[in-house]
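Structure file target35.csv; described as CSV, C-alpha atoms.
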chain,number,residue,atom,x,y,z
A,126,HIS,CA,36.1,92.3,26.4
A,127,HIS,CA,36.5,91.8,30.1
A,128,ALA,CA,35.7,89.0,32.5
A,129,ALA,CA,35.5,91.3,35.5
A,130,GLY,CA,33.1,90.2,38.1
A,131,LEU,CA,33.0,86.5,37.1
A,132,GLY,CA,35.5,85.4,39.7
A,133,PRO,CA,39.1,84.2,39.4
A,134,ASP,CA,38.0,80.5,39.4
A,135,ALA,CA,35.3,80.8,36.8
A,136,ALA,CA,37.4,79.8,33.8
A,137,ALA,CA,38.9,76.9,35.8
A,138,ASP,CA,35.6,75.4,36.6
A,139,PRO,CA,34.2,73.5,33.6
A,140,SER,CA,30.8,73.2,35.2
A,141,THR,CA,30.1,76.9,35.2
A,142,SER,CA,27.6,78.1,32.6
A,143,LEU,CA,29.8,81.2,32.1
A,144,LEU,CA,32.8,79.1,30.8
A,145,SER,CA,32.3,80.1,27.2
A,146,SER,CA,31.9,83.7,28.0
A,147,VAL,CA,35.0,83.7,30.2
A,148,LEU,CA,37.1,82.0,27.5
A,149,ALA,CA,35.8,84.5,24.9
A,150,ALA,CA,37.2,87.3,27.1
A,151,VAL,CA,40.7,85.8,27.6
A,152,PRO,CA,43.2,88.3,26.1
A,153,LEU,CA,45.0,86.6,23.3
A,154,LEU,CA,46.1,89.3,20.8
A,155,PRO,CA,48.6,92.1,21.5
A,156,SER,CA,45.8,94.6,21.2
A,157,ASP,CA,43.9,92.8,23.9
A,158,HIS,CA,46.8,93.1,26.3
A,159,GLU,CA,47.2,96.8,25.4
A,160,ALA,CA,43.5,97.4,26.0
A,161,GLU,CA,43.7,95.7,29.4
A,162,LEU,CA,46.5,98.0,30.5
A,163,ASP,CA,44.5,101.1,29.5
A,164,ALA,CA,41.0,99.7,30.2
A,165,GLU,CA,39.7,102.6,32.2
A,166,ARG,CA,40.3,105.0,29.3
A,167,LEU,CA,39.4,102.7,26.4
A,168,PHE,CA,36.3,101.2,28.1
A,169,PRO,CA,35.0,104.0,30.4
A,170,ALA,CA,32.8,102.6,33.1
A,171,LEU,CA,29.0,103.0,32.7
A,172,LEU,CA,29.3,104.6,29.3
A,173,ARG,CA,27.4,102.9,26.5
A,174,ASP,CA,27.1,103.4,22.8
A,175,ILE,CA,23.8,103.9,21.0
A,176,HIS,CA,23.1,100.2,21.0
A,177,GLY,CA,23.6,99.9,24.8
A,178,GLU,CA,26.9,98.2,24.5
A,179,GLN,CA,30.1,99.1,26.4
A,180,LEU,CA,31.7,102.1,24.7
A,181,ASP,CA,34.9,101.0,22.9
A,182,LEU,CA,37.3,103.8,22.2
A,183,ARG,CA,40.1,101.8,20.7
A,184,GLN,CA,41.6,103.4,17.6
A,185,THR,CA,42.8,100.2,16.2
A,186,THR,CA,40.4,97.2,15.7
A,187,SER,CA,39.8,94.5,13.1
A,188,TRP,CA,37.9,97.2,11.1
A,189,THR,CA,41.0,99.3,10.6
A,190,GLN,CA,43.7,96.6,10.1
A,191,THR,CA,45.4,95.9,6.7
A,192,ILE,CA,47.0,92.6,5.8
A,193,GLU,CA,50.3,93.3,7.6
A,194,ASP,CA,48.5,94.2,10.8
A,195,VAL,CA,46.3,91.1,11.2
A,196,PRO,CA,47.7,88.6,13.7
A,197,LEU,CA,47.6,84.9,12.7
A,198,LEU,CA,45.4,84.1,15.7
A,199,GLU,CA,42.8,86.7,14.7
A,200,LEU,CA,42.8,85.5,11.1
A,201,MET,CA,42.0,82.0,12.3
A,202,GLU,CA,39.4,83.2,14.7
A,203,VAL,CA,37.6,85.2,12.1
A,204,LEU,CA,37.6,82.3,9.6
A,205,VAL,CA,36.3,79.9,12.3
A,206,VAL,CA,33.5,82.2,13.3
A,207,ASN,CA,32.4,83.2,9.7
A,208,ALA,CA,33.2,80.1,7.7
A,209,VAL,CA,34.0,77.0,9.7
A,210,ALA,CA,31.2,77.4,12.3
A,211,PRO,CA,28.4,78.0,9.7
A,212,PHE,CA,29.7,75.0,7.7
A,213,LEU,CA,29.4,72.7,10.7
A,214,LEU,CA,26.0,74.1,11.7
A,215,ASN,CA,24.6,73.5,8.3
A,216,ALA,CA,26.1,70.0,8.1
A,217,ARG,CA,25.1,68.8,11.5
A,218,LEU,CA,21.6,70.3,11.4
A,219,LEU,CA,20.8,69.0,7.9
A,220,PRO,CA,19.1,65.8,9.0
A,221,LEU,CA,16.8,67.8,11.2
A,222,LEU,CA,16.1,70.3,8.4
A,223,THR,CA,15.3,67.6,5.8
A,224,ALA,CA,13.1,65.7,8.3
A,225,ALA,CA,11.2,68.9,9.1
A,226,ALA,CA,10.8,69.7,5.4
A,227,GLY,CA,9.3,66.3,4.7
A,228,ALA,CA,7.1,66.0,7.8
A,229,PRO,CA,3.4,65.5,7.1
A,230,GLU,CA,2.5,68.0,9.7
A,231,GLY,CA,5.1,70.5,8.6
A,232,VAL,CA,4.8,73.5,6.2
A,233,GLY,CA,6.5,71.7,3.3
A,234,GLY,CA,10.0,73.2,3.7
A,235,ALA,CA,12.8,74.4,5.9
A,236,PHE,CA,15.0,77.4,5.8
A,237,VAL,CA,18.6,78.3,6.3
A,238,VAL,CA,19.6,82.0,6.4
A,239,ASN,CA,23.3,82.7,6.4
A,240,VAL,CA,24.0,86.2,7.7
A,241,THR,CA,26.6,87.8,5.6
A,242,SER,CA,27.7,91.4,4.9
A,243,GLN,CA,28.8,93.8,2.2
A,244,GLU,CA,32.4,92.9,3.0
A,245,GLY,CA,32.0,89.5,1.4
A,246,VAL,CA,30.6,90.8,-1.9
A,247,PHE,CA,32.8,90.7,-5.0
A,248,ALA,CA,30.5,93.0,-7.0
A,249,VAL,CA,31.4,96.7,-6.6
A,250,ARG,CA,29.9,99.8,-8.2
A,251,ALA,CA,31.6,101.3,-11.2
A,252,GLY,CA,34.6,103.2,-10.3
A,253,GLN,CA,34.9,101.7,-6.9
A,254,ALA,CA,37.2,99.0,-5.5
A,255,LYS,CA,37.7,97.1,-2.3
A,256,GLY,CA,39.6,99.0,0.3
A,257,PRO,CA,42.7,97.5,2.0
A,258,GLU,CA,41.1,97.2,5.5
A,259,HIS,CA,40.0,94.0,7.2
A,260,PRO,CA,40.9,91.5,4.5
A,261,HIS,CA,40.3,88.7,6.9
A,262,THR,CA,36.7,89.6,7.5
A,263,ASN,CA,36.2,90.0,3.8
A,264,MET,CA,37.5,86.5,3.3
A,265,GLY,CA,35.3,85.0,5.9
A,266,LYS,CA,32.1,86.5,4.5
A,267,ALA,CA,33.1,85.6,1.0
A,268,ALA,CA,33.5,82.0,2.1
A,269,LEU,CA,30.1,82.1,3.7
A,270,ASN,CA,28.6,83.4,0.5
A,271,MET,CA,30.2,80.5,-1.4
A,272,LEU,CA,28.8,78.0,1.1
A,273,THR,CA,25.4,79.5,0.5
A,274,ARG,CA,25.5,79.2,-3.2
A,275,THR,CA,27.0,75.7,-3.1
A,276,LEU,CA,24.4,74.3,-0.7
A,277,ALA,CA,21.3,76.0,-2.2
A,278,GLY,CA,21.1,74.0,-5.4
A,279,ASP,CA,21.7,70.7,-3.6
A,280,LEU,CA,19.2,71.2,-0.8
A,281,ALA,CA,16.3,72.9,-2.5
A,282,PRO,CA,15.1,69.6,-4.1
A,283,ARG,CA,15.0,68.2,-0.5
A,284,GLY,CA,12.9,71.1,0.7
A,285,VAL,CA,15.6,73.1,2.4
A,286,PHE,CA,15.9,76.6,1.0
A,287,VAL,CA,19.3,78.3,1.7
A,288,THR,CA,19.8,82.1,1.3
A,289,ALA,CA,22.2,84.7,2.5
A,290,VAL,CA,21.2,88.1,3.9
A,291,ASP,CA,23.2,91.2,4.4
A,292,PRO,CA,21.4,92.9,7.3
A,293,GLY,CA,22.8,96.3,6.5
A,294,TRP,CA,24.8,98.8,8.5
A,295,VAL,CA,23.5,98.4,12.1
A,296,SER,CA,26.5,99.0,14.3
A,297,GLN,CA,29.4,101.4,14.9
A,298,MET,CA,32.8,100.2,13.6
A,299,ARG,CA,34.8,103.2,14.7
A,300,PRO,CA,34.9,105.3,17.9
A,301,ASN,CA,33.2,108.7,17.8
A,302,PRO,CA,31.9,108.2,14.2
A,303,ARG,CA,30.8,111.2,12.2
A,304,VAL,CA,27.9,109.3,10.7
A,305,LEU,CA,25.7,107.0,12.8
A,306,PRO,CA,24.4,103.7,11.4
A,307,PRO,CA,21.1,104.3,9.5
A,308,LEU,CA,19.6,101.0,10.7
A,309,SER,CA,18.9,99.4,14.1
A,310,GLU,CA,19.3,95.8,15.3
A,311,ALA,CA,15.6,95.4,14.8
A,312,ASP,CA,15.9,96.5,11.2
A,313,GLY,CA,18.7,93.9,10.7
A,314,ALA,CA,16.7,91.2,12.3
A,315,ALA,CA,13.7,91.9,10.1
A,316,ARG,CA,15.9,91.5,7.0
A,317,VAL,CA,17.2,88.2,8.3
A,318,LEU,CA,13.8,86.8,9.0
A,319,ASP,CA,12.3,88.0,5.7
A,320,PRO,CA,13.4,85.0,3.5
A,321,VAL,CA,11.7,82.7,6.0
A,322,LEU,CA,8.4,84.6,6.1
A,323,THR,CA,8.2,85.2,2.4
A,324,GLY,CA,9.3,81.6,1.8
A,325,LEU,CA,6.5,80.3,3.9
A,326,GLU,CA,4.1,82.5,1.9
A,327,SER,CA,5.5,81.0,-1.3
A,328,LEU,CA,5.0,77.5,0.0
A,329,ARG,CA,1.4,78.3,0.9
A,330,ARG,CA,0.9,79.4,-2.7
A,331,GLY,CA,2.5,76.3,-4.1
A,332,ASP,CA,5.6,78.1,-5.3
A,333,THR,CA,9.2,77.4,-4.7
A,334,PRO,CA,10.8,79.8,-2.1
A,335,ALA,CA,13.8,81.9,-3.1
A,336,HIS,CA,17.1,80.1,-2.6
A,337,GLY,CA,20.8,80.5,-3.6
A,338,VAL,CA,20.5,84.3,-3.6
A,339,LEU,CA,21.8,87.2,-1.6
A,340,PHE,CA,19.2,89.6,-0.1
A,341,ARG,CA,20.0,93.2,0.7
A,342,ASN,CA,17.3,95.6,1.9
A,343,PHE,CA,14.7,92.9,1.2
A,344,GLU,CA,15.7,92.5,-2.5
A,345,VAL,CA,18.0,90.2,-4.4
A,346,ALA,CA,21.5,91.7,-4.8
A,347,ASP,CA,24.6,90.8,-6.7
A,348,TRP,CA,27.2,88.5,-5.1
Just give me the structure as structure tokens.
Amino acid sequence: HHAAGLGPDAAADPSTSLLSSVLAAVPLLPSDHEAELDAERLFPALLRDIHGEQLDLRQTTSWTQTIEDVPLLELMEVLVVNAVAPFLLNARLLPLLTAAAGAPEGVGGAFVVNVTSQEGVFAVRAGQAKGPEHPHTNMGKAALNMLTRTLAGDLAPRGVFVTAVDPGWVSQMRPNPRVLPPLSEADGAARVLDPVLTGLESLRRGDTPAHGVLFRNFEVADW
């Protein structure tokens, strides 16, 4: 991530609308500093991946790290993004959600979809086991799954239906992959929206929408 073109004073000016973007681009980890020193090779100018994002040729990322490789700062950042932030959003927005669910002019319910991933799932196929890579992202998504299950039973009687969705494999995790992701961002977005759309249809029929479950490929999956 780079702040090139934003100006040297952008991060120092709290009034700029780009402040959060600039702060997100501040190099904090050893790998960030190494990437800056070799930015032209690792982030070749004008080259994009299949999603239109800046091509990233780093060989070591969060996706390849094992427990002894993960810096404390990255561990904390991953947990804040995947567990703490969703907790706060769910908590702070709850009054609005319950009000919307009970509004006479409303649809009779409100929906929370927590976007998770396969990395947070405990259930594995027979003969398989969790690999050693990215334990911190596994932890973050597992925590998000537990938040979903914990909230769902409490909020459903109040008309707020909480689910988790694994949008599937939509992005490249490694440079020069041998296999490209089978899904697009649009496919992932459709999966995230599906519990809301099918939930609205359930409400129209007088049924209770799905809640407290994990959806993968539009179907309920094991946690």
**OP:** Please provide as a ChimeraX atom specification all residues within 6 Å of Leu167 (chain A), with the sequence filter that same-chain residues fewer than 2 positions apart are discarded (counting all atoms listed in the file).
**Re:** /A:164-165,181-183
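Among A:Val285, A:Leu328, A:Ala268, A:Ala170, the residue with the shortest atom-to-atom distance to Ala210 (chain A), counting all atoms listed in the file, is A:Ala268.
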Mind checking which residues fall within 7 Å of region 256-265 of chain A, counting only C-alpha atoms, ignoring those fewer than 5 positions away in the same chain, and posting them as an mmCIF file with C-alpha atoms, in the frame of the given file?
data_model
loop_
_atom_site.group_PDB
_atom_site.id
_atom_site.type_symbol
_atom_site.label_atom_id
_atom_site.label_comp_id
_atom_site.auth_asym_id
_atom_site.auth_seq_id
_atom_site.Cartn_x
_atom_site.Cartn_y
_atom_site.Cartn_z
ATOM 1 C CA SER A 187 39.800 94.500 13.100
ATOM 2 C CA TRP A 188 37.900 97.200 11.100
ATOM 3 C CA THR A 189 41.000 99.300 10.600
ATOM 4 C CA GLN A 190 43.700 96.600 10.100
ATOM 5 C CA THR A 191 45.400 95.900 6.700
ATOM 6 C CA ILE A 192 47.000 92.600 5.800
ATOM 7 C CA LEU A 200 42.800 85.500 11.100
ATOM 8 C CA VAL A 203 37.600 85.200 12.100
ATOM 9 C CA LEU A 204 37.600 82.300 9.600
ATOM 10 C CA ASN A 207 32.400 83.200 9.700
ATOM 11 C CA ALA A 208 33.200 80.100 7.700
ATOM 12 C CA GLU A 244 32.400 92.900 3.000
ATOM 13 C CA GLY A 245 32.000 89.500 1.400
#
**OP:** Dump as a list in words all residues having an atom at most 12 Å from (12.7, 69.2, 10.0), computed in the file's coordinates with all atoms listed in the file.
**Re:**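 The answer, in the requested form, is Leu218, Leu219, Pro220, Leu221, Leu222, Thr223, Ala224, Ala225, Ala226, Gly227, Ala228, Pro229, Glu230, Gly231, Val232, Gly233, Gly234, Ala235, Phe236, Val237, Arg283, Gly284 and Val285 of chain A.
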Subject >> Between CA of Val287 (chain A) and CA of His336 (chain A) - distance in Å to one decimal >> reply: 5.2 Å
Original post:
Using only C-alpha atoms, which residue out of A:Arg274, A:Phe247, A:Thr241, A:Val321 lies closest to Arg341 (chain A)?
Top reply: A:Thr241
